[in-house]
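**Student:** My questions all concern the structure below.
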Amino acid sequence: MQLDAKQFKRDRAAALENKPLRRNLERAMTTIRGRRNERFSQFVDGEALQWIGHAIKRNALANLPDLLEQLEEQLTSRGIQVHWAETTGDANRIVKDIAKRRGVGLVIKGKSMVSEEMELNDYLAGHGIEALEADLGEFIVQLAGEPPSHLVAPAVHLSRQEIAVLFHDELGEEYTEDIQAMTALARRVLREKFQQAGMGVTGVNFAVAETGTIALVENEGNGRMCTTVPPVHVALMGIEKVIPRLDEMSPLIRSLTASATGQPISTYFNWLSSPRRPGEKDGPEEVHLVILDNGRSSIYADEELRETLDCIRCGACLNICPVYSRIGGHAYSTVYMGPIGKILTPQLAGLEKGGHLAGASTLCGACYEVCPVKIPIPDLLLRLRREGVQPTPAGIATLKGAGAKASLGEAMVWKGWRVVHNRPALYKLMTRLLGFAGRTLPKRMGPLREWSATRDLPKAANRSLHHLLRDRSNAWEAGKIRSDSE
Amino acid sequence: MAASNARENILNRLRKARAGLPAPPPPDPLADRKWLERQPPITDPAGRFVQEQEAVGSQVRRVASWEALGDVVPPWLAELKVSSVITGTEPRLNPLRERLEAAAGLELHTYDRPIEEQREEVFSVDCGITTSHAAIADTGSVILIPSPAEPRLLSLAVPVHLVLVEAGRIFPTLLDFMDSGEYQADPPTNLVLVSGASRTADIELTLAIGVHGPRELLVALIG
């Protein structure tokens, strides 16, 4: 995936012209938004639930280093091995080393966005280890050779016909568009793989510090399979997933599933706290937790930007976003797409590479309204836009690439704007000139060409508001009119 | 090893970053409780549990007592054309096992050895029967705590899972179960909340049942 502004411009334009994609997305996003809204409408004061989630995550992050240590202590005391990774490269090596030591040739995976961040599958393939996705949506996009296009529904950009063709071509099965039949087919293929795999890899939805619990939220049962059948389980999590207390999962799981799919709870909510103990007849002999930083501790250092780390990956901001719901997840060329991706990616990759993403928003605020932990995404988008064009003030200079998008031209324009607006005579002159230019100059020229290609340029009036009001007040004083209401 | 440096580096960075910033006020530990009290009350936990389970397609049958299971379960499984059943070694199931053993056309298996020795058997049986630790009314969830007597795959590898739930063990909400402290006292290897049969909506957001776990969840509500 190529993260750059020009590529994004091309890809989003192509996505907008892609009629099948637009159709698939529109249908899916309408459905999924409806499910979320219906669930929230059944709550008495759903917004209060969002603020509860907000407070829990704010508090958890404020105590993050202590909670991570407490989690490690709890997990270690029950035999789960904890690994720390500063970079995705470190995390990949940790997973590979465990696999090599255990002689693993096949890894079976539950859904994990951190593993996408690590590009784990490609890395393992480079070391002769096959990694197979077991979540149905991930299984589909892996067959298609694509990254997931949505945080919760990875294959949401594809229609059933496209998936049917894929299954027919890649798995050599009889062509069917029947969704239940396609699901049964994936079940059959993956059943065997669960039993052959030497290692299961999953993400983590919540890690509870007080009890040392790794919690996984899922509907399919692939997460349970990955954490039960193979002899080794490796869980991957970003540092931000830890919360202090068990009972804090109560509002968070309710909010997460309501926001993601509209369910009161997921089909499976799976709590793990140790490898197989003596006497137990199944479950992995070894359990590992890999705790990944990959730039998160830099985000953490800024009080405002830190809220980015509150995210519980429900996908509600994608579903409601007027941009995501028209271009889908692939056009961004990012691991994390949609509104959350637009604030997270520039911080992880640096503003010089990802700063343009913060611009791809109408700032309508819908993402903030639905966010189960109330991340102020529009405020953060504005902050990142500002950081992109002006270097960070001293003291909180934590953003990679701050000021990378600053251009002399833009700086001059704003400087000029300030000068003009501070001097009445200049301002008067400017409005007169703009009025004249607006009437006489061709509509599609210079810097306006791109903007006006898809929009109508507003028609400049002959006389400015200033002029009109002055005329009016002159007329009033001369007794020609009696009051403003006439 | 680089890994030990990583730990210190990450923690140091976080501590250093935190030092300069004001801590937010701690959250109200009763916030979720107060929120739940504002929701419509759950006057009949068993009734609500059944309603929620049925809403996700589970079959629920009420059974008067543990003893009565022997009359209810064999014909139920026959209706579903189940031809083989597996249980663990939980003693409370012994009377039921006797009746299952006597039932015509039903093969009875026991999961009593490590999975490495029993894999093919466990993955080929039609139906697994387990007890449950408790249940939750407002989400319609069964709480399973697998044990040496009732291993994890009994409720996972099988196409049909029959779970026994005692009506007196239904907590109104997940928070009520958490507040009981039963989990925190000694966290088990695995606890799983099960709310229906395995499902997905990954193709066109259309519901499909039975992806990786059971296609059918049967709940026998005792008492």
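Identifiers in the structure tokens: chain A, B, ... in order shown; residue index from 1 per chain; ligand index from 1 in order shown.
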Using only C-alpha atoms and a distance of at most 6 Å, pull out the residues of chain A that contact chain B, as an MDAnalysis selection string.

**Tutor:** chainID A and resid 44 55 59 65 84:86 137 153 180 187 219:222 247 250 264 267:274 279:282 297 301

**Student:** Take the residues from that selection and put them in a file with N, CA, C and O atoms, as a tab-separated table (two decimals), in the first residue's frame.

**Tutor:**
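As a result, again09.tsv now contains:
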```tsv
chain	number	residue	atom	x	y	z
A	44	VAL	N	-32.16	3.62	27.32
A	44	VAL	CA	-32.53	4.88	27.92
A	44	VAL	C	-31.22	5.67	28.08
A	44	VAL	O	-30.34	5.26	28.83
A	55	ALA	N	-15.01	7.90	29.84
A	55	ALA	CA	-14.35	8.08	31.15
A	55	ALA	C	-13.46	6.88	31.48
A	55	ALA	O	-12.36	7.04	32.01
A	59	ASN	N	-9.34	7.22	31.87
A	59	ASN	CA	-8.71	6.83	33.12
A	59	ASN	C	-7.68	5.72	32.87
A	59	ASN	O	-6.58	5.74	33.43
A	65	PRO	N	1.06	3.05	32.03
A	65	PRO	CA	2.26	2.25	32.34
A	65	PRO	C	2.06	1.32	33.53
A	65	PRO	O	2.50	0.16	33.49
A	84	TRP	N	7.26	-7.63	24.68
A	84	TRP	CA	7.09	-6.21	24.38
A	84	TRP	C	7.78	-5.91	23.05
A	84	TRP	O	8.92	-6.34	22.83
A	85	ALA	N	7.09	-5.16	22.19
A	85	ALA	CA	7.65	-4.83	20.88
A	85	ALA	C	7.53	-3.33	20.64
A	85	ALA	O	6.45	-2.77	20.71
A	86	GLU	N	8.69	-2.70	20.35
A	86	GLU	CA	8.64	-1.26	20.06
A	86	GLU	C	8.15	-0.98	18.65
A	86	GLU	O	7.54	0.04	18.39
A	137	GLY	N	-14.77	-13.01	6.71
A	137	GLY	CA	-14.47	-11.82	5.92
A	137	GLY	C	-12.99	-11.72	5.58
A	137	GLY	O	-12.60	-11.40	4.45
A	153	ALA	N	-16.17	-5.55	9.17
A	153	ALA	CA	-16.63	-6.37	8.04
A	153	ALA	C	-15.62	-6.23	6.89
A	153	ALA	O	-15.79	-5.41	6.00
A	180	GLN	N	-25.49	-18.98	2.71
A	180	GLN	CA	-25.36	-20.06	3.68
A	180	GLN	C	-24.44	-21.16	3.13
A	180	GLN	O	-23.61	-21.71	3.87
A	187	ARG	N	-16.47	-23.10	6.28
A	187	ARG	CA	-16.40	-23.90	7.50
A	187	ARG	C	-15.65	-25.20	7.23
A	187	ARG	O	-14.74	-25.58	7.98
A	219	ASN	N	-18.24	-13.38	16.71
A	219	ASN	CA	-19.50	-14.07	16.45
A	219	ASN	C	-19.33	-15.45	15.83
A	219	ASN	O	-20.23	-16.26	15.89
A	220	GLU	N	-18.19	-15.68	15.18
A	220	GLU	CA	-18.09	-16.86	14.33
A	220	GLU	C	-17.62	-18.11	15.07
A	220	GLU	O	-17.97	-19.22	14.71
A	221	GLY	N	-16.78	-17.91	16.09
A	221	GLY	CA	-16.19	-19.06	16.77
A	221	GLY	C	-14.77	-19.33	16.30
A	221	GLY	O	-14.09	-20.19	16.86
A	222	ASN	N	-14.31	-18.58	15.30
A	222	ASN	CA	-12.93	-18.78	14.85
A	222	ASN	C	-11.94	-18.34	15.91
A	222	ASN	O	-10.87	-18.93	16.07
A	247	ASP	N	-15.08	-5.22	35.76
A	247	ASP	CA	-16.46	-4.73	35.56
A	247	ASP	C	-16.52	-3.58	34.56
A	247	ASP	O	-17.60	-3.20	34.12
A	250	SER	N	-18.17	-4.37	31.24
A	250	SER	CA	-19.64	-4.42	31.09
A	250	SER	C	-20.16	-3.31	30.19
A	250	SER	O	-20.80	-3.59	29.17
A	264	PRO	N	-26.95	-7.03	21.19
A	264	PRO	CA	-26.84	-6.74	22.62
A	264	PRO	C	-25.50	-7.21	23.18
A	264	PRO	O	-24.97	-6.63	24.13
A	267	THR	N	-21.87	-13.07	19.89
A	267	THR	CA	-22.20	-14.47	20.14
A	267	THR	C	-21.23	-15.09	21.13
A	267	THR	O	-21.63	-15.82	22.03
A	268	TYR	N	-19.96	-14.78	20.97
A	268	TYR	CA	-18.96	-15.28	21.91
A	268	TYR	C	-18.21	-14.09	22.53
A	268	TYR	O	-17.79	-13.17	21.82
A	269	PHE	N	-18.07	-14.14	23.84
A	269	PHE	CA	-17.22	-13.17	24.54
A	269	PHE	C	-16.30	-14.06	25.38
A	269	PHE	O	-16.72	-14.67	26.36
A	270	ASN	N	-15.06	-14.15	24.92
A	270	ASN	CA	-14.14	-15.21	25.31
A	270	ASN	C	-13.05	-14.65	26.22
A	270	ASN	O	-12.31	-13.76	25.80
A	271	TRP	N	-12.98	-15.11	27.46
A	271	TRP	CA	-12.00	-14.60	28.43
A	271	TRP	C	-10.93	-15.66	28.65
A	271	TRP	O	-11.24	-16.79	29.04
A	272	LEU	N	-9.68	-15.26	28.49
A	272	LEU	CA	-8.57	-16.22	28.64
A	272	LEU	C	-7.62	-15.73	29.71
A	272	LEU	O	-7.31	-14.54	29.77
A	273	SER	N	-7.16	-16.64	30.55
A	273	SER	CA	-6.24	-16.17	31.59
A	273	SER	C	-5.07	-17.10	31.85
A	273	SER	O	-4.25	-16.80	32.72
A	274	SER	N	-4.97	-18.21	31.12
A	274	SER	CA	-3.78	-19.05	31.31
A	274	SER	C	-3.70	-20.09	30.19
A	274	SER	O	-4.68	-20.32	29.49
A	279	GLY	N	-4.39	-31.48	34.00
A	279	GLY	CA	-5.70	-32.12	34.08
A	279	GLY	C	-6.66	-31.68	33.00
A	279	GLY	O	-7.58	-32.40	32.64
A	280	GLU	N	-6.45	-30.43	32.49
A	280	GLU	CA	-7.35	-29.95	31.44
A	280	GLU	C	-7.04	-30.69	30.14
A	280	GLU	O	-5.88	-30.99	29.85
A	281	LYS	N	-8.08	-30.96	29.35
A	281	LYS	CA	-7.91	-31.87	28.22
A	281	LYS	C	-7.73	-31.17	26.88
A	281	LYS	O	-7.39	-31.79	25.88
A	282	ASP	N	-8.00	-29.87	26.85
A	282	ASP	CA	-7.72	-29.14	25.61
A	282	ASP	C	-7.29	-27.71	25.96
A	282	ASP	O	-7.20	-27.35	27.13
A	297	SER	N	3.25	5.32	21.91
A	297	SER	CA	3.72	6.07	23.07
A	297	SER	C	4.02	7.52	22.71
A	297	SER	O	4.02	8.38	23.58
A	301	ALA	N	2.00	11.02	24.35
A	301	ALA	CA	2.64	12.15	24.99
A	301	ALA	C	1.90	13.47	24.78
A	301	ALA	O	2.20	14.47	25.40
```

**Student:** Using DSSP on the backbone coordinates, identify all residues within segment 121-225 of chain A classified as strand (DSSP E); present the result as a VMD selection string.

**Tutor:** chain A and resid 130 to 133 199 to 202 206 to 208 213 to 218

**Student:** Counting only C-alpha atoms, what is within 8 Å of Ile312 of chain A, bar same-chain residues fewer than 4 positions away, as JSON, numbers by chain?

**Tutor:** {"A": [205, 241, 256, 373]}

**Student:** Convert the current residue selection to file output with C-alpha atoms, as a PDB file, in the first residue's frame.

**Tutor:**
```
ATOM      1  CA  ASN A 205     -10.353  -6.541  22.426  1.00  0.00           C
ATOM      2  CA  LYS A 241      -6.029  -2.092  25.056  1.00  0.00           C
ATOM      3  CA  LEU A 256     -18.891  -2.048  21.323  1.00  0.00           C
ATOM      4  CA  VAL A 373     -15.952   6.350  23.586  1.00  0.00           C
TER       5      VAL A 373
END
```

**Student:** Pick out each residue of segment 73-204 of chain B that DSSP on the backbone tags as alpha helix (DSSP H); I need them as a PyMOL selection string.

**Tutor:** chain B and resi 73-79+94-102+115-122+174-179+182-185

**Student:** Select, from A:Leu344, A:Leu21, A:Ala331, A:Leu363, the residue with the minimum atom-to-atom distance to Ser298 of chain A, counting only C-alpha atoms.

**Tutor:**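 For Ser298 of chain A, the nearest of the given residues is A:Leu344.
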
**Student:** When you count only C-alpha atoms, which of these residues is closest to Ala78 of chain B: B:Glu121, B:Asp126, B:Glu166, B:Glu182?

**Tutor:** B:Asp126

**Student:** So how many Å separate atom CA of Pro284 of chain A and atom CA of Ile108 of chain A, to one decimal?

**Tutor:**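 Atom CA of Ile108 of chain A lies at a distance of 13.2 Å from atom CA of Pro284 of chain A.
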
**Student:** Just the residues within 9 Å of Leu75 of chain A, please, counting only C-alpha atoms, with nothing from its chain fewer than 6 positions along; format it as a ChimeraX atom specification.

**Tutor:** /A:81-82,209,211-214,273-274,289
